[in-house]
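Peer 1: The structure follows.
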Protein chains: 2
Amino acid sequence: MMIAGERRYGRLSNGVFEPAPVGTDPWDLLDESATGSTQFEDAVPVDSATKLEVPVPVGAVRDFITFEQHTAGSLRAVSGTSEVPQVWHEQPAFYFTNPHGLTGTGYDIPIPPGSERFDFELEVAAVIGKDGYNLSVEEAWEHIAGFTIFNDWSARDLQSNEMKVGLGPAKGKDTATTVGPAVVTLDELTDKRQGDSFDLAMEVRVNDKVIGTDSLANMAWSFAELLAYASRGTWVRRGDVIGSGTCGGGCLAEFWGWYGEGAIPPVQGGDTVTMTVEKLGTISNTVKAGATAHPVPSARRREWSQPQQP
Amino acid sequence: MMIAGERRYGRLSNGVFEPAPVGTDPWDLLDESATGSTQFEDAVPVDSATKLEVPVPVGAVRDFITFEQHTAGSLRAVSGTSEVPQVWHEQPAFYFTNPHGLTGTGYDIPIPPGSERFDFELEVAAVIGKDGYNLSVEEAWEHIAGFTIFNDWSARDLQSNEMKVGLGPAKGKDTATTVGPAVVTLDELTDKRQGDSFDLAMEVRVNDKVIGTDSLANMAWSFAELLAYASRGTWVRRGDVIGSGTCGGGCLAEFWGWYGEGAIPPVQGGDTVTMTVEKLGTISNTVKAGATAHPVPSARRREWSQPQQP
């Protein structure tokens, strides 16, 4: 969080933030969460309106799609069918998104320029604590520093249009992703752990209205499986963030899929979106008008022809 | 490049590398490329086999698709039609890829686990020199530190399979992207500049065989237009890299699209892929066998049902 203009890491619990000494490495803080050797400073009260920074320095952001209910409903919104493609079942799908869009709880979220169908996505993310290459599922658990709440803000109109080219999403998702309020280490979740699943209740509200609820245990893969897959043949590094994908009922688009585009309005300037995940806390952001888009022309026509076979 | 185990930035020209003093900030080096106040050390000869590191510290990597010939041919490989979707013409499409896959010239490139259709993509990238938010096209030019060659290595079998879910590409592209050999500032390209285009000859070879050639002037958008679009409503920061997309004839998949999958073999262990762009230099990498994939199970079935309308 920010104290007197200075960014400070620390410990968040039971409605208070206890800053660690200036210069404390947040990764050390996570590593030693069980040892308690850090001398924390005086507690500062926080509530859902308090601005807190993204809890760790973030590298690359990968976002998966692992809840079948969301996959079926949101595909229905896009393509009119709730048939989940066979390949979705065979391997966990993901895309990379913009690390510079990460935002903490309490901050206002601008509507992406040109969007009239702005939405949110309730997810949990694993924060990676050490570098790994081509990890097995067993090895992968040791690389997860903890979990945090992840709101993948989504401009559905921009997203569905750009994805007709077959790439992305990119502009549909790159303005903001809320991460926070803290990284909760796995030792804090023991009583909610069932094998490799975590039965954490998830809920999203728009203003005072509950939109959807689910359990993190409904992921079709464990976070270790997602990390093993992400690291297959490449690096996943400390500070990387891996989103679970949206839980069932965790976004408006799923309801647009089931009940039509008029079923529930998109979020508007002034709306507050609040997400609570059991044991992980609450993130809350208010939406505001965004920037105006600068014009970018359509494609220039260039001469081209089918090339000779090499 | 690496000298006696130490990473050093410096100046590359005419087959020699001149190291700047230890600790020199590469961004200062790019800013002052015209002033010549740095005291460079003794020149070291380099050739296409010399290992050079990625020339700047990289943040986020965005890769566009701006050459119509490539778009038509590679879509034909995937979907059987060379009809480019209308939205491709309306706005520049891109996706985010793995910044941890970036590799310099001279390094061996592992084949992604499980891929039997490994390919390359000849591109030029703009390297962003200062942070920008919601930039106009005019403002965007001032944020481009220079250009570099960009080889977006691609596992076509993994890519076409994962993209059936409608996200990405991700695993099809995340093992390696070669960037280098240097960042060339725009003042070095004046005689090849025509308005906002750069008529730089591009060529890719596999071993000694020329596969394709094009000109960078055939991009359907300028790099400033791509950057303005990328920054619309969000941050593009120093160290971010923006790929042009593959030029015409710049990958094998385009030829598979025009002439069938047997038209030319995928790259194999031992093949050397060499890319030369006028004024920007040459990057060259040899492909080797990759890691073995650790198993990740298919989706667990979870109970779910259509939710009540909120």
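Chain labels run A, B, ... following the order of the structure tokens; each chain numbers its residues from 1, and ligands are numbered from 1 in the order shown.
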Please provide as a PDB file with N, CA, C and O atoms, in the first residue's frame all residues within 9 Å of Cys251 of chain B, with the sequence filter that same-chain residues fewer than 6 positions apart are discarded (counting only C-alpha atoms).
Peer 2:
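Just written: around.pdb:
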```pdb
ATOM      1  N   HIS B  70       0.941 -12.571 -45.909  1.00  0.00           N
ATOM      2  CA  HIS B  70       1.074 -13.577 -44.851  1.00  0.00           C
ATOM      3  C   HIS B  70      -0.293 -13.944 -44.280  1.00  0.00           C
ATOM      4  O   HIS B  70      -0.581 -15.116 -44.024  1.00  0.00           O
ATOM      5  N   SER B  74      -1.444 -17.724 -44.499  1.00  0.00           N
ATOM      6  CA  SER B  74      -1.443 -18.519 -43.279  1.00  0.00           C
ATOM      7  C   SER B  74      -2.875 -18.872 -42.864  1.00  0.00           C
ATOM      8  O   SER B  74      -3.107 -19.955 -42.332  1.00  0.00           O
ATOM      9  N   ASP B 119       8.251 -23.983 -36.974  1.00  0.00           N
ATOM     10  CA  ASP B 119       8.335 -22.958 -38.011  1.00  0.00           C
ATOM     11  C   ASP B 119       8.941 -21.692 -37.390  1.00  0.00           C
ATOM     12  O   ASP B 119       9.159 -21.613 -36.178  1.00  0.00           O
ATOM     13  N   PHE B 120       9.198 -20.708 -38.225  1.00  0.00           N
ATOM     14  CA  PHE B 120       9.770 -19.418 -37.806  1.00  0.00           C
ATOM     15  C   PHE B 120       8.882 -18.330 -38.397  1.00  0.00           C
ATOM     16  O   PHE B 120       7.983 -18.613 -39.214  1.00  0.00           O
ATOM     17  N   GLU B 121       9.099 -17.093 -37.996  1.00  0.00           N
ATOM     18  CA  GLU B 121       8.390 -15.963 -38.604  1.00  0.00           C
ATOM     19  C   GLU B 121       9.328 -14.770 -38.676  1.00  0.00           C
ATOM     20  O   GLU B 121       9.796 -14.271 -37.648  1.00  0.00           O
ATOM     21  N   LEU B 122       9.574 -14.302 -39.889  1.00  0.00           N
ATOM     22  CA  LEU B 122      10.448 -13.144 -40.118  1.00  0.00           C
ATOM     23  C   LEU B 122       9.652 -11.860 -39.917  1.00  0.00           C
ATOM     24  O   LEU B 122       8.694 -11.592 -40.665  1.00  0.00           O
ATOM     25  N   VAL B 204      14.630 -14.503 -45.417  1.00  0.00           N
ATOM     26  CA  VAL B 204      14.866 -15.606 -44.483  1.00  0.00           C
ATOM     27  C   VAL B 204      15.366 -16.815 -45.254  1.00  0.00           C
ATOM     28  O   VAL B 204      14.879 -17.140 -46.342  1.00  0.00           O
ATOM     29  N   ILE B 211      13.988 -18.868 -48.418  1.00  0.00           N
ATOM     30  CA  ILE B 211      12.568 -19.253 -48.330  1.00  0.00           C
ATOM     31  C   ILE B 211      11.676 -18.120 -48.811  1.00  0.00           C
ATOM     32  O   ILE B 211      10.749 -18.325 -49.584  1.00  0.00           O
ATOM     33  N   GLY B 212      11.922 -16.907 -48.344  1.00  0.00           N
ATOM     34  CA  GLY B 212      11.060 -15.796 -48.730  1.00  0.00           C
ATOM     35  C   GLY B 212      11.765 -14.463 -48.587  1.00  0.00           C
ATOM     36  O   GLY B 212      12.737 -14.336 -47.829  1.00  0.00           O
TER      37      GLY B 212
END
```
Peer 1: Quick check for you: according to DSSP on this backbone, which residues of segment 47-281 of chain A are classed as alpha helix (DSSP H)? Reply as a ChimeraX atom specification.
Peer 2: /A:68-79,86-90,137-141,156-162,223-230,252-259
Peer 1: Excluding Gly269 of chain A and its own-chain neighbours fewer than 5 positions away, which residues fall within 12 Å of it when counting only C-alpha atoms? Please give them as JSON, numbers by chain.
Peer 2: {"A": [108, 109, 110, 111, 112, 115, 116, 117, 118, 119, 206, 207, 285, 286, 287, 288, 289, 290]}
Peer 1: Could you take the residues named above and write them with all heavy atoms, as a compact mmCIF listing (two decimals), in the first residue's frame?
Peer 2:
```txt
# COMPACT_ATOMS: atom_id res chain seq x y z
N ASP A 108 -9.92 3.55 -9.14
CA ASP A 108 -10.95 3.65 -10.17
C ASP A 108 -10.47 2.95 -11.44
O ASP A 108 -9.28 2.99 -11.77
CB ASP A 108 -11.25 5.12 -10.49
CG ASP A 108 -12.07 5.78 -9.39
OD1 ASP A 108 -12.55 5.07 -8.48
OD2 ASP A 108 -12.21 7.02 -9.44
N ILE A 109 -11.39 2.35 -12.17
CA ILE A 109 -11.08 1.61 -13.39
C ILE A 109 -11.71 2.34 -14.58
O ILE A 109 -12.93 2.45 -14.67
CB ILE A 109 -11.66 0.18 -13.32
CG1 ILE A 109 -11.09 -0.58 -12.11
CG2 ILE A 109 -11.40 -0.58 -14.62
CD1 ILE A 109 -9.60 -0.83 -12.15
N PRO A 110 -10.90 2.84 -15.51
CA PRO A 110 -11.47 3.53 -16.67
C PRO A 110 -12.07 2.55 -17.67
O PRO A 110 -11.50 1.49 -17.92
CB PRO A 110 -10.26 4.26 -17.28
CG PRO A 110 -9.08 3.46 -16.84
CD PRO A 110 -9.43 2.84 -15.52
N ILE A 111 -13.21 2.94 -18.24
CA ILE A 111 -13.80 2.13 -19.31
C ILE A 111 -12.89 2.22 -20.55
O ILE A 111 -12.45 3.31 -20.91
CB ILE A 111 -15.22 2.62 -19.62
CG1 ILE A 111 -16.12 2.39 -18.39
CG2 ILE A 111 -15.80 1.92 -20.85
CD1 ILE A 111 -17.53 2.93 -18.54
N PRO A 112 -12.55 1.10 -21.17
CA PRO A 112 -11.69 1.15 -22.36
C PRO A 112 -12.32 2.03 -23.46
O PRO A 112 -13.54 1.95 -23.67
CB PRO A 112 -11.61 -0.31 -22.80
CG PRO A 112 -11.86 -1.09 -21.55
CD PRO A 112 -12.87 -0.28 -20.77
N SER A 115 -15.66 1.27 -25.70
CA SER A 115 -16.44 0.11 -25.24
C SER A 115 -17.78 0.54 -24.64
O SER A 115 -17.85 1.48 -23.84
CB SER A 115 -15.67 -0.70 -24.19
OG SER A 115 -16.50 -1.78 -23.75
N GLU A 116 -18.83 -0.17 -25.01
CA GLU A 116 -20.15 0.02 -24.41
C GLU A 116 -20.65 -1.25 -23.74
O GLU A 116 -21.81 -1.32 -23.32
CB GLU A 116 -21.14 0.48 -25.49
CG GLU A 116 -20.74 1.83 -26.07
CD GLU A 116 -21.71 2.35 -27.11
OE1 GLU A 116 -22.53 1.56 -27.62
OE2 GLU A 116 -21.61 3.54 -27.43
N ARG A 117 -19.80 -2.28 -23.70
CA ARG A 117 -20.20 -3.56 -23.06
C ARG A 117 -19.08 -3.96 -22.10
O ARG A 117 -18.41 -5.00 -22.27
CB ARG A 117 -20.40 -4.67 -24.12
CG ARG A 117 -21.44 -4.37 -25.20
CD ARG A 117 -22.87 -4.41 -24.73
NE ARG A 117 -23.33 -5.73 -24.31
CZ ARG A 117 -24.53 -5.93 -23.75
NH1 ARG A 117 -25.37 -4.92 -23.56
NH2 ARG A 117 -24.88 -7.14 -23.38
N PHE A 118 -18.88 -3.15 -21.06
CA PHE A 118 -17.76 -3.40 -20.14
C PHE A 118 -18.19 -4.40 -19.08
O PHE A 118 -19.32 -4.36 -18.58
CB PHE A 118 -17.33 -2.07 -19.52
CG PHE A 118 -15.97 -2.10 -18.86
CD1 PHE A 118 -14.91 -2.79 -19.45
CD2 PHE A 118 -15.74 -1.42 -17.67
CE1 PHE A 118 -13.65 -2.81 -18.85
CE2 PHE A 118 -14.49 -1.43 -17.07
CZ PHE A 118 -13.44 -2.12 -17.66
N ASP A 119 -17.28 -5.28 -18.72
CA ASP A 119 -17.58 -6.43 -17.88
C ASP A 119 -16.37 -6.70 -16.98
O ASP A 119 -15.30 -6.09 -17.12
CB ASP A 119 -17.88 -7.63 -18.80
CG ASP A 119 -18.56 -8.82 -18.11
OD1 ASP A 119 -18.84 -8.75 -16.92
OD2 ASP A 119 -18.79 -9.83 -18.82
N VAL A 206 -22.14 -6.31 -8.03
CA VAL A 206 -22.12 -4.99 -8.65
C VAL A 206 -22.97 -4.10 -7.75
O VAL A 206 -24.16 -4.38 -7.54
CB VAL A 206 -22.68 -5.00 -10.08
CG1 VAL A 206 -22.75 -3.58 -10.64
CG2 VAL A 206 -21.83 -5.89 -11.00
N ASN A 207 -22.33 -3.09 -7.17
CA ASN A 207 -22.95 -2.27 -6.13
C ASN A 207 -23.43 -3.23 -5.02
O ASN A 207 -22.59 -3.97 -4.49
CB ASN A 207 -24.04 -1.37 -6.72
CG ASN A 207 -23.45 -0.51 -7.85
OD1 ASN A 207 -22.34 -0.01 -7.72
ND2 ASN A 207 -24.16 -0.39 -8.96
N ASN A 285 -13.48 -2.05 -6.83
CA ASN A 285 -13.08 -0.93 -7.70
C ASN A 285 -14.33 -0.28 -8.27
O ASN A 285 -15.29 -0.97 -8.59
CB ASN A 285 -12.23 -1.42 -8.89
CG ASN A 285 -10.95 -2.12 -8.48
OD1 ASN A 285 -10.96 -3.32 -8.24
ND2 ASN A 285 -9.86 -1.38 -8.40
N THR A 286 -14.27 1.02 -8.44
CA THR A 286 -15.37 1.76 -9.05
C THR A 286 -14.98 2.13 -10.48
O THR A 286 -13.85 2.55 -10.74
CB THR A 286 -15.69 3.01 -8.21
OG1 THR A 286 -16.11 2.57 -6.92
CG2 THR A 286 -16.80 3.83 -8.86
N VAL A 287 -15.93 1.93 -11.38
CA VAL A 287 -15.70 2.18 -12.81
C VAL A 287 -15.93 3.66 -13.10
O VAL A 287 -16.82 4.28 -12.53
CB VAL A 287 -16.65 1.28 -13.63
CG1 VAL A 287 -16.63 1.63 -15.10
CG2 VAL A 287 -16.26 -0.19 -13.41
N LYS A 288 -15.09 4.22 -13.97
CA LYS A 288 -15.25 5.63 -14.37
C LYS A 288 -15.12 5.74 -15.88
O LYS A 288 -14.64 4.81 -16.55
CB LYS A 288 -14.20 6.50 -13.68
CG LYS A 288 -12.77 6.20 -14.12
CD LYS A 288 -11.77 7.18 -13.50
CE LYS A 288 -10.35 6.87 -14.00
NZ LYS A 288 -9.32 7.74 -13.37
N ALA A 289 -15.52 6.89 -16.44
CA ALA A 289 -15.36 7.12 -17.88
C ALA A 289 -13.88 7.01 -18.25
O ALA A 289 -13.01 7.40 -17.46
CB ALA A 289 -15.89 8.50 -18.24
N GLY A 290 -13.60 6.48 -19.42
CA GLY A 290 -12.22 6.31 -19.85
C GLY A 290 -11.77 7.39 -20.80
O GLY A 290 -12.47 8.37 -21.04
```
Peer 1: If DSSP is run on the backbone, what residues of segment 50-159 of chain A are strand (DSSP E)? A reply as number ranges by chain would be ideal.
Peer 2: A: 61-64, 94-97, 102-103, 109-110, 118-119, 122-128, 132-133, 144-152, 154-155
Peer 1: Which of these residues is nearest to Gly281 of chain B, using only C-alpha atoms: B:Thr175, B:Asn98, B:Thr148, B:Asn134?
Peer 2: B:Thr148
Peer 1: Rank nothing, just name the residue among B:Val124, B:Ala155, B:Val165, B:Ala20 nearest to Gly180 of chain B, using only C-alpha atoms.
Peer 2: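 Among B:Val124, B:Ala155, B:Val165, B:Ala20, it is B:Val124 that comes nearest to Gly180 of chain B.
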Peer 1: Ranking A:Ala230, A:Val267, A:Leu135, A:Leu30 by minimum distance to Gly172 of chain B and counting only C-alpha atoms, which one comes first?
Peer 2: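 With only C-alpha atoms as the atom set, the closest residue is A:Ala230.
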Peer 1: Excluding Thr213 of chain B and residues on its chain fewer than 2 positions from it, collect all residues at most 7 Å away from it, counting only C-alpha atoms, and give them as a PyMOL selection string.
Peer 2: chain B and resi 202-204+248-250
Peer 1: For the selection you just gave me, I'd like the residues written to a file as a short mmCIF file (atom, residue, chain, number, x, y, z; two decimals), in the first residue's frame, keeping N, CA and C atoms.
Peer 2:
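Once written, selection19.cif looks like this:
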```cif
data_model
loop_
_atom_site.label_atom_id
_atom_site.label_comp_id
_atom_site.auth_asym_id
_atom_site.auth_seq_id
_atom_site.Cartn_x
_atom_site.Cartn_y
_atom_site.Cartn_z
N MET B 202 13.88 -7.69 -46.66
CA MET B 202 13.84 -8.74 -45.63
C MET B 202 14.02 -10.08 -46.31
N GLU B 203 14.79 -10.96 -45.70
CA GLU B 203 15.03 -12.28 -46.29
C GLU B 203 15.21 -13.32 -45.20
N VAL B 204 14.63 -14.50 -45.42
CA VAL B 204 14.87 -15.61 -44.48
C VAL B 204 15.37 -16.82 -45.25
N GLY B 248 5.53 -11.16 -46.01
CA GLY B 248 5.19 -12.11 -47.05
C GLY B 248 6.32 -13.10 -47.28
N GLY B 249 5.99 -14.38 -47.33
CA GLY B 249 7.02 -15.41 -47.53
C GLY B 249 7.92 -15.62 -46.33
N GLY B 250 7.55 -15.04 -45.18
CA GLY B 250 8.43 -15.05 -44.02
C GLY B 250 8.30 -16.24 -43.10
#
```
